[in-house]
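Structure first, commentary second.
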Amino acid sequence: MLHLGFMSCGSSESVYLISINWVNSQYPKMRFEEERIVLEQQTAVQYPQQPHGGKLVNQVLTGKELEEAKAKAEQLPKIMVDLEAVITIEMIATGVLSPHTGFMNEADYKSVLQTGRLKNGLIWPVPLSFAPIGERNREVIKTLSIGDEVALIDESKKPVAIMSVEDIFAYDKEMRASHLFGTTDRSHPGVDAIYRRMGDVALGGPIKLLSRAHWGPFEKLRMEPKDTWKLFYEEKKFRSVAGFITGANPLHRGHEYIHKNALEEIDGLFIQPLVELAKREYTRHEFRMLAYRSVLETYYPKERAILSPLRVTYIFAGPREAVLHAIIMKNFGCTHALIGRDHAGVGDFYDKYASHSIFDQYTPKELGIDVRLFHEVSYCLRCDAPVTSQSCPHDNRYRINISGTGIREMLRYGILPPKEIVRPESARIAMQGVQPKGVDENGQAVSPVGKTIKAIFPYYLEYTRLGGPKRERPLKPEELTVRDLEAAVLDVRMNADRIYRDISDEYNAIGDTNRNLQPDWIMSAREAAVAQQQMVISDLEEKVQQAPEVASDEFMYQNKKEAQQELDVARKILEDIPSPLRKEQIAYRTWNALPYRRYRGDDSN
Ligand SMILES: [Zn+2]
């Protein structure tokens, strides 16, 4: 019922704003006053990043103030909010959506929809608006005037926040849908949510948080912006941090490729899996987090890779959501935002790279975070590496594609995806949390199996095997069955890491001058083949001598000309047999013009 939108945070921010006191010492120090951090910005700011709009918001009440507010909430009119609203309120209060201290007024709301900016020009991609639904709420809203306070209560009637009403305005769903999502098509989940979950009247104004939700299994890993700034820049002394927000898919090697590229250059990596309101079919968040933890422990530098869940409402805004995520990363203190292909994508509603091109609208300076855009990652078996179209010249014969949907489908068929695209440490745990699990009564997962094969094993439709010859006609995805999936997976398991190894073996066989490394039995086989072919030649030479110019029966016997042709072929075959290349045979390759001692500096005669 409430959606991300935004309110102007001009200069009138209340005492609840967090302020970090940046003193002129080596590192900024925080001064706590009445349990609230106070920020004085007159001194040089030493952190390499600033919150969006310049101030990190803190609307979380504590101590005496909290007790008083709780008592007051009992007396105030009450609006009941759903879980999505509770999450957004908490995001606002803890500074995740800085500089917003509450929900947007009409001017900012419209400005954001139309221009992707607040009235004051600050970039803000999605509305942060509050339009409660329900008959009871509607009755309460009718009684409100500007200047009133209202208590926001959750579904168990517990007061979550107090809102100061600064604006009341009619809420135009169609305008919101068309501007935000570029469509009013209700099959778009974001559009559908507007019509289902948003009321006709919106309230704007700041909120104060009375109660922080417990995050269940994620509570122990939870970090708020106030924690991360301190962690990054005071405890760890990072000079740069790359943020990465990720959705419903288990950690795969496309993610890892992006992370590791960033770690080459950037001090810290801050990974935030979204842990709220996923699609219907997904991998359960607690298992996704566990899969992340397993892979991070095994493959990532412990001190530099930080994992923390992000409880944010899915808004399905496609490209605009990518911009919102970049701003959220900034508010957590990240200097860089890592954005993959189809970040927060929604089916086929947007161009594959729309979440990249949207950043063209903003200058890096006004965005205030260094956005790094990554192309779609796949695994190339010829390169033997994760690649993108930017870095690999090879074709589908050698490619395993990384499709999040395809990976989840494979888990439902009970098959761990290829190690080239998902680390087994991730896949094994993800399988336990995939939803739905297993296949239906007809042996089918969510979508047709051919779609999964095409998404992950594109070679299978066109080629007889991995790296193999072309099929006479390509297979059609709709013809494929789970047997085809099994065949493709077996081929990949047996041969994926063989292609590059075979190539390397071949180069070693002809290149090693230390022949002790080469298998003796291969050399013996080559010598045997040479000897056998010489035997064939020797007999054929005799045959040529004995052959008549004209054969008496052209089927039974050969004339001299034909016998000579057989001999020529046999000689050619001898040339084609690879040389055994024993030590003595290639001793010629190792030579130096000067005595060795002279390379060590001895120039005496
Ligand atoms: Zn390649």
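Chain identifiers are assigned as A, B, and so on, following the order in which chains appear in the structure tokens; residues are numbered from 1 within each chain, and ligands are numbered from 1 in order of appearance.
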Using DSSP on the backbone, list every residue of stretch 118-170 of chain A that comes out as alpha helix (DSSP H), and give them as a list in words. Glu135, Arg136, Asn137, Arg138, Glu139, Val140, Ile141 and Lys142 of chain A
Got a sec to check which residues lie within 7 Å of ligand 1, using only C-alpha atoms and all ligand atoms, and send them as a PyMOL selection string? chain A and resi 380-383+387+392-394
Write a file of the just-selected residues containing N, CA and C atoms, as a short mmCIF file (atom, residue, chain, number, x, y, z; two decimals), in the first residue's frame.
data_model
loop_
_atom_site.label_atom_id
_atom_site.label_comp_id
_atom_site.auth_asym_id
_atom_site.auth_seq_id
_atom_site.Cartn_x
_atom_site.Cartn_y
_atom_site.Cartn_z
N CYS A 380 32.78 -19.60 -21.04
CA CYS A 380 33.30 -20.08 -22.33
C CYS A 380 34.28 -21.22 -22.05
N LEU A 381 34.00 -22.38 -22.65
CA LEU A 381 34.83 -23.56 -22.39
C LEU A 381 36.11 -23.53 -23.22
N ARG A 382 36.12 -22.73 -24.27
CA ARG A 382 37.35 -22.61 -25.07
C ARG A 382 38.33 -21.67 -24.35
N CYS A 383 37.80 -20.57 -23.80
CA CYS A 383 38.62 -19.69 -22.96
C CYS A 383 38.88 -20.35 -21.60
N VAL A 387 33.13 -15.21 -19.09
CA VAL A 387 33.39 -14.16 -20.09
C VAL A 387 32.14 -13.32 -20.32
N CYS A 392 35.26 -12.15 -25.12
CA CYS A 392 35.47 -13.49 -25.69
C CYS A 392 34.98 -13.55 -27.12
N PRO A 393 35.78 -14.13 -28.04
CA PRO A 393 35.38 -14.19 -29.44
C PRO A 393 34.64 -15.47 -29.83
N HIS A 394 34.45 -16.40 -28.89
CA HIS A 394 33.96 -17.73 -29.29
C HIS A 394 32.43 -17.79 -29.37
#
Give me, as a count of residues only, all polymer residues having an atom no more than 10 Å from A:Thr388, counting only C-alpha atoms and skipping those fewer than 5 positions away in the same chain. 10
Can you pull out every residue within 12 Å of A:Val140, counting only C-alpha atoms, but drop anything in the same chain fewer than 2 positions away, and send it as an NGL selection string? :A and (76-80 or 132-138 or 142-145 or 148-152 or 201 or 203)
Please write the residues from the selection above to a file, keeping C-alpha atoms, as a short mmCIF file (atom, residue, chain, number, x, y, z; two decimals), in the first residue's frame.
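again.cif written:
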data_model
loop_
_atom_site.label_atom_id
_atom_site.label_comp_id
_atom_site.auth_asym_id
_atom_site.auth_seq_id
_atom_site.Cartn_x
_atom_site.Cartn_y
_atom_site.Cartn_z
CA LEU A 76 -3.52 9.56 17.71
CA PRO A 77 -5.73 8.48 14.82
CA LYS A 78 -4.40 5.20 13.42
CA ILE A 79 -3.72 3.96 9.92
CA MET A 80 -2.99 0.28 9.45
CA PRO A 132 -3.24 3.49 2.19
CA ILE A 133 -6.05 1.20 1.10
CA GLY A 134 -8.95 -0.18 3.11
CA GLU A 135 -12.28 1.24 4.24
CA ARG A 136 -11.17 1.96 7.79
CA ASN A 137 -8.04 3.78 6.67
CA ARG A 138 -10.12 5.76 4.19
CA LYS A 142 -11.02 11.82 5.68
CA THR A 143 -10.63 13.28 9.17
CA LEU A 144 -7.01 14.37 8.71
CA SER A 145 -5.76 17.86 7.93
CA ASP A 148 -1.99 16.52 12.08
CA GLU A 149 -0.07 13.55 13.35
CA VAL A 150 -1.15 10.01 12.71
CA ALA A 151 0.05 6.69 14.11
CA LEU A 152 0.95 3.99 11.61
CA VAL A 201 -5.44 9.51 -1.49
CA LEU A 203 -0.29 11.39 2.55
#
Near A:Ala73, counting only C-alpha atoms, which residues have an atom at most 12 Å away, once you skip same-chain residues fewer than 5 positions from it, shown as a ChimeraX atom specification? /A:66-68,78-79,149-153,157-164,208-211
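Using only C-alpha atoms, the protein and nucleic acid residues lying no more than 8 Å from stretch 51-63 of chain A, apart from those fewer than 6 places from it along its own chain, are Tyr16, Leu17, Ile18, Ser19, Glu35, Ile92, Ala93, Thr94, Gly95, Val96, Leu97, Ser98, Pro99, His100, Thr101, Leu122, Ile207, Lys208, Leu209, Leu210, Ile327, Lys330, Asn331, Phe332, Gly333 and Gly368 of chain A.
Excluding A:Ser426 itself and same-chain residues fewer than 4 positions from it, the residues having an atom within 8 Å of it are Pro250, Leu251, His252, Ala291, Tyr292, Ser294, Val295, Val422 and Ala430 of chain A, counting only C-alpha atoms.
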Length of the atom CA of A:Leu296 to atom CA of A:Thr283 vector [Å]: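 Taking atom CA of A:Leu296 and atom CA of A:Thr283, their separation equals 17.9 Å.
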Between atom CA of A:Asp568 and atom CA of A:Tyr588, what is the distance in Å, rounded to a tenth?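 Between atom CA of A:Asp568 and atom CA of A:Tyr588 the gap works out to 29.9 Å.
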Tell me which of A:Lys543, A:Lys572, A:Arg304, A:Arg311 sits closest to A:Met223, counting only C-alpha atoms. A:Arg311
Between A:Trp591, A:Phe287, A:Tyr596, A:Phe130, which has the minimum distance to A:Ile429 (counting only C-alpha atoms)? A:Phe287
Nearest to A:Gln435 among A:Ala354, A:Leu290, A:Leu411, A:Ala529, with distances taken over only C-alpha atoms: which residue is it?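 For A:Gln435, the nearest of the given residues is A:Leu411.
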